[in-house]
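Asks: Take this structure, written in structure tokens, and hold onto it; I'll ask about it next.
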Amino acid sequence: MADYVIIGNRTPRLDGVAKVTGEAKYADDLYSPGMLWGKILRSPYPHARVVAIDVDQARRLPGVKAVVTGQDTLGIPYGRGDAAKYLPPNLAGKVANYDSDKHPLAMEKVRYIGDEVAAVAAVDEATALEALELIRVEYELLPGVFDPIKAMDEAAPRVHDFAERNISNKIFWDFGDVEKGFKEAYLIREDRFITSAVTHAPLEPRGCMAVFDKTGKLTLWTSSQAPYYRRRQLSIVFNMPESKIRVITPFVGGGFGGKVCFCEPDYQAALLSRITNKPVKITYTREEEFTSTSRRHPMVIDLKTGVTRDGILTAMQCNIIADGGAYFHTGPVVMYLAGAFLVTLYRLKNVRYSGIRVFTNNIPSGPQRGHGAVQPRFAAESQLDMIAEDLGIDPVDIRLKNALHPGDITPNKFRVQTCGLRECIQISAQQTRWAEKIKSPIQGQGVGISAGAFISGMAIPPHTTSGAQVKLHEDGGVSLFTGVTEIGQGSDTVLAQITADVLGVDIDDIRVISSDTEVTPVHAGSFSSRGTYWGGKAVRAAALDAKKQLFEVAAAILEANPEDLEARDRKIFVKGSLDKAIPIKDVILASMMARDGNPIMGRGFFKARVDPVNFETGEGNVTPAYSFESQIAEVEVNHETGKVKLVNMTVGHDTGTTINPMAVEGQLEGSVSMGMGQTLMEEIVSKKGLIMNTSFLEYGIHTSMDMPQVRCILVDTENPDDPFEPKEAGEGTQVATPSAIANAVYNATGVRIKELPITPEKILKAFGKREDQAGKPK
């Protein structure tokens with residue numbers, strides 16, 4: 001491994017003090033003189049035609065400064081479909097087979113309860129809310145459809161006129177010889193698994209403040225995960241140059257994928273600002289977070305898997321039907337990923353995949369932590385345990401037999417250069433005393449294992465590169481400019497560590513300026529687990545560029561060759577001669593005072609060398625690095641109440657180059673927490689599109705008191721072709737959590753729950769069925 005000084009340290013977060021003292025300013029904390037408060041009127045119906053909107057009374061209310069509807073917009077929809085125009089003609093049709101379909105304010109129809117209809121700006125929040133009540137909307141009610149399977153009936157109401165049988169998109173792949181694989185199988189299992197809708201539940205609701213100035217320039221402060229992507233969306237719907245839009249991300253109180261795509265409430269605030277010539281702020285309520293944003297895709301997964309007598313996988317067939325809700329959102333991406341992750345973990349030559357995403361009149365489904373991987377992995381890992389039991393094989397052994405190896409190429413052309421999966425499984429099993437616990441179970445206690453994999457950034461046009469700049473100051477301080485968005489994951493700290501390590505300065509010398517499209521280089525956003533890998537490589541390149549300039553100046557002062565120099569402890573010295581050193585700040589000043597006056601500013605960028613993914617065939621290498629992990633869950637189940645308590649979770653994670661172990665452990669613990677919630681208690685309950693549990697109390701989200709003891713095992717893997725390879729650690733951990741817990745529940749109870757969440761009611765019902773079957777005569 002490389003000789004690092006600051007990389008690999010357990011460095012406290014740079015933003016920690018600001019957050020715990022209340023100094024940190026989030027979107028709702030922002031204020032500007034003359035600022036107006038904005039509110040959004042939403043549809044009370046799941047499906048209706050907007051016949052007429054009367055806003056006269058609202059406009060006449062004292063304190064109201066503007067009321068807007070879809071007729072006040074340019075009528076331009078937005079979405080992810082515009083990505084194809086940035087690709088060569090031979091690839092444009094393969095990457096995104098869908099169009100933009102979302103209007104920030106309804107034009108002709110509303111398609112779910114919560115769809116945006118109008119917006120107001122007023123001198124205070126109370127007046128804005130009163131104005132919403134004065135808007136009169138005439139609707140023509142239309143029949144709705146809420147079940148994705150029923151929505152595909154020919155006679156079902158159409159959510160979008162262009163979508164036959166309400167099919168949003170469908171993907172079909174067939175790798176290898178599936179039929180032959182099943183013929184070679186000793187055992188074939190077929191099972192259906194169901195996952196429910198869950199919300200992101202960030203502590204900070206969505207919020208923004210928008211200012212259109214007299215020159216027509218828009219400045220937006222927004223709680224977003226992707227400022228550059230948000231700028232592009234606003235450029236589309238306002239039909240204005242991206243360079244005239246500045247997007248700044250203040251402190252963000254969590255996103256988890258939910259603050260990536262939809263440009264509400266940013267668009268409504270910006271439109272109201274342009275009309276009023278005043279700053280406008282909009283902050284969602286907690287109820288709006290539940291009813292008017294997006295959710296994880298609910299899926300019905302039919303899985304058929306064949307294995308040899310020894311447990312070697314021979315073939316798999318997976319059919320998924322996903323409830324996409326009212327709009328495209330990232331639907332085609334999630335359906336691609338759901339299929340791709342079937343072959344990202346184990347050696348499997350023969351696989352057939354059918355993925356259908358269906359429009360319904362439910363809240364839109366979009367990206368959420370572990371996008372596309374969580375649902376099919378719950379099914380596949382649960383079924384793999386069932387197969388292991390049928391064959392009498394230890395669940396750990398069957399995973400080790402099939403695990404991918406470094407250098408493997410999957411059927412869909414994923415190139416796995418490094419893979420620590422086997423090490424994760426083996427070390428976790430050893431530290432939890434797996435063999436002992438699985439052979440000698442204790443009444444009401446269970447242990448279960450699962451594995452997962454994820455990507456370190458997916459290239460999505462046009463933002464397929466990441467840039468960084470490093471500016472050195474006369475006193476030896478360093479300003480780092482990065483487009484990576486700090487959303488609570490600790491990216492500012494990790495990138496500062498990389499910069500400090502390269503330059504030989506202290507972490508306290510680094511000032512991070514991130515997520516401002518006006519001054520920071522481009523970065524796609526903090527989603528798809530790209531921050532540390534893509535952003536880290538760009539930052540390292542920028543720091544190396546600055547270091548090269550430093551060494552050229554220092555070499556002349558020290559009368560040495562630049563390649564013989566080293567930087568450490570804020571000094572530059574000749575290797576092996578610590579006494580022959582010069583402070584870095586003196587070198588910076590000398591460079592500025594020299595004839596050419598170079599102030600030393602480093603520039604760096606990174607573009608992943610991957611193959612474009614063909615959405616039709618499923619082939620292509622989606623990421624430069626794949627992370628792997630295992631989880632072993634230990635649960636206690638009360639057989640009288642059916643209540644499950646997750647007691648311990650042991651996580652083994654392949655981190656590549658570990659930048660900050662403490663930050664990685666925090667991410668792993670957070671993923672386990674989120675995955676545990678989805679597995680045991682979280683579920684959006686709706687009736688005909690109306691969400692019934694719109695608060696934390698009703699939704700049933702767990703607290704810190706419910707958290708298990710989490711043991712983290714970090715497995716470093718080194719790529720000989722690229723020694724600096726920090727893999728993702730923020731999403732992949734959640735992928736394996738549901739199935740690990742489900743397998744542990746089965747081990748503790750003897751009943752297999754194939755539908756999330758695993759509630760006490762489902763366990764008791766399964767107990768009842770088992771007793772009924774036991775009592776029947778054979």
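Labels used: A, B, ... for chains in the order of the structure tokens, numbers from 1 for residues in each chain, and numbers from 1 for ligands as shown.
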Looking only at the backbone, which of the residues in range 318-423 of chain A does DSSP tag as alpha helix (DSSP H), as a PyMOL selection string?
Replies: chain A and resi 331-340+374-391+395-402+421-423
Asks: Now that the selection is made, can you save its residues with C-alpha atoms as a short mmCIF file (atom, residue, chain, number, x, y, z; two decimals), in the first residue's frame?
Replies:
```
data_model
loop_
_atom_site.label_atom_id
_atom_site.label_comp_id
_atom_site.auth_asym_id
_atom_site.auth_seq_id
_atom_site.Cartn_x
_atom_site.Cartn_y
_atom_site.Cartn_z
CA GLY A 331 -37.38 4.83 -13.84
CA PRO A 332 -35.35 3.46 -16.74
CA VAL A 333 -32.18 3.79 -14.69
CA VAL A 334 -33.57 1.85 -11.75
CA MET A 335 -34.89 -0.92 -13.99
CA TYR A 336 -31.48 -1.21 -15.62
CA LEU A 337 -29.70 -1.31 -12.26
CA ALA A 338 -32.15 -3.85 -10.82
CA GLY A 339 -31.12 -6.26 -13.57
CA ALA A 340 -27.45 -5.36 -13.57
CA VAL A 374 -31.86 -3.24 -2.56
CA GLN A 375 -35.05 -4.89 -3.82
CA PRO A 376 -33.61 -7.63 -6.09
CA ARG A 377 -30.84 -8.39 -3.59
CA PHE A 378 -33.44 -8.96 -0.85
CA ALA A 379 -35.04 -11.52 -3.14
CA ALA A 380 -31.85 -13.18 -4.38
CA GLU A 381 -30.11 -13.43 -1.00
CA SER A 382 -33.26 -14.71 0.71
CA GLN A 383 -33.69 -17.36 -1.96
CA LEU A 384 -30.02 -18.33 -1.81
CA ASP A 385 -30.45 -19.15 1.88
CA MET A 386 -33.51 -21.22 1.03
CA ILE A 387 -31.48 -23.10 -1.58
CA ALA A 388 -28.66 -23.67 0.90
CA GLU A 389 -31.13 -25.19 3.35
CA ASP A 390 -32.63 -27.42 0.66
CA LEU A 391 -29.15 -28.71 -0.19
CA PRO A 395 -25.15 -20.26 3.91
CA VAL A 396 -21.59 -18.93 4.26
CA ASP A 397 -20.16 -21.77 2.16
CA ILE A 398 -22.64 -21.37 -0.70
CA ARG A 399 -21.71 -17.69 -0.97
CA LEU A 400 -17.98 -18.39 -0.93
CA LYS A 401 -18.39 -21.02 -3.65
CA ASN A 402 -20.10 -18.58 -6.00
CA LEU A 421 -16.05 -10.17 -1.16
CA ARG A 422 -14.53 -13.46 0.01
CA GLU A 423 -12.45 -11.69 2.66
#
```
Asks: Would you list the contacts of Ala128 in chain A as a VMD selection string, taking every protein, DNA or RNA residue within 12 Å and counting only C-alpha atoms, but skipping same-chain residues closer than 2 positions in sequence?
Replies: chain A and resid 36 to 41 58 to 59 61 to 67 118 to 126 130 to 135 280 to 282
Asks: Can you tell me, as a CSV table (one decimal) with N, CA, C and O atoms, in the first residue's frame, what residues are no more than 10 Å from Leu646 in chain A when counting only C-alpha atoms, ignoring any on the same chain fewer than 6 positions away?
Replies:
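Done, and the output landed in selection.csv:
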```
chain,number,residue,atom,x,y,z
A,445,GLN,N,-33.6,-16.7,19.1
A,445,GLN,CA,-32.5,-16.0,18.6
A,445,GLN,C,-32.1,-16.5,17.2
A,445,GLN,O,-32.2,-17.7,17.0
A,446,GLY,N,-31.7,-15.7,16.3
A,446,GLY,CA,-31.3,-16.1,15.0
A,446,GLY,C,-30.2,-15.3,14.4
A,446,GLY,O,-29.9,-14.2,14.8
A,447,VAL,N,-29.5,-16.0,13.5
A,447,VAL,CA,-28.4,-15.3,12.8
A,447,VAL,C,-28.6,-15.5,11.3
A,447,VAL,O,-29.0,-16.6,10.8
A,633,ALA,N,-26.4,-10.6,10.5
A,633,ALA,CA,-27.4,-10.0,11.4
A,633,ALA,C,-27.7,-11.0,12.5
A,633,ALA,O,-27.8,-12.2,12.3
A,634,GLU,N,-27.8,-10.5,13.7
A,634,GLU,CA,-28.2,-11.3,14.9
A,634,GLU,C,-29.5,-10.7,15.5
A,634,GLU,O,-29.5,-9.5,15.8
A,635,VAL,N,-30.6,-11.5,15.6
A,635,VAL,CA,-31.9,-10.9,16.0
A,635,VAL,C,-32.4,-11.7,17.1
A,635,VAL,O,-32.0,-12.9,17.4
A,636,GLU,N,-33.3,-11.1,17.8
A,636,GLU,CA,-34.2,-11.8,18.9
A,636,GLU,C,-35.6,-11.6,18.4
A,636,GLU,O,-36.0,-10.5,18.1
A,637,VAL,N,-36.4,-12.7,18.5
A,637,VAL,CA,-37.8,-12.6,18.1
A,637,VAL,C,-38.6,-13.1,19.2
A,637,VAL,O,-38.4,-14.2,19.7
A,676,MET,N,-32.4,-1.3,8.1
A,676,MET,CA,-33.2,-1.9,9.2
A,676,MET,C,-34.6,-1.3,9.2
A,676,MET,O,-35.6,-2.1,9.4
A,680,LEU,N,-37.9,-3.8,8.8
A,680,LEU,CA,-38.8,-4.1,10.0
A,680,LEU,C,-40.0,-3.3,10.2
A,680,LEU,O,-40.9,-3.7,10.9
A,706,ASP,N,-33.4,2.1,19.0
A,706,ASP,CA,-33.6,0.8,18.3
A,706,ASP,C,-32.4,0.3,17.6
A,706,ASP,O,-32.4,-0.8,17.1
A,707,MET,N,-31.3,1.1,17.5
A,707,MET,CA,-30.2,0.7,16.8
A,707,MET,C,-29.5,-0.5,17.4
A,707,MET,O,-29.3,-0.6,18.6
A,708,PRO,N,-29.0,-1.4,16.5
A,708,PRO,CA,-28.2,-2.5,17.0
A,708,PRO,C,-26.7,-2.1,17.3
A,708,PRO,O,-26.3,-1.0,16.9
A,709,GLN,N,-26.0,-3.0,17.9
A,709,GLN,CA,-24.5,-2.8,17.9
A,709,GLN,C,-24.0,-3.1,16.5
A,709,GLN,O,-24.2,-4.2,16.0
A,741,ILE,N,-31.3,-9.5,7.6
A,741,ILE,CA,-32.3,-9.6,8.7
A,741,ILE,C,-33.3,-10.7,8.5
A,741,ILE,O,-33.7,-11.4,9.3
A,744,ALA,N,-32.0,-14.0,9.2
A,744,ALA,CA,-31.9,-14.2,10.6
A,744,ALA,C,-33.2,-14.5,11.3
A,744,ALA,O,-33.3,-15.3,12.2
A,745,VAL,N,-34.3,-13.8,10.8
A,745,VAL,CA,-35.6,-14.0,11.3
A,745,VAL,C,-36.0,-15.4,11.0
A,745,VAL,O,-36.6,-16.1,11.9
```
Asks: Closest to Gln268 in chain A among A:Thr73, A:Ser235, A:Thr658, A:Thr199, using only C-alpha atoms?
Replies: A:Thr73
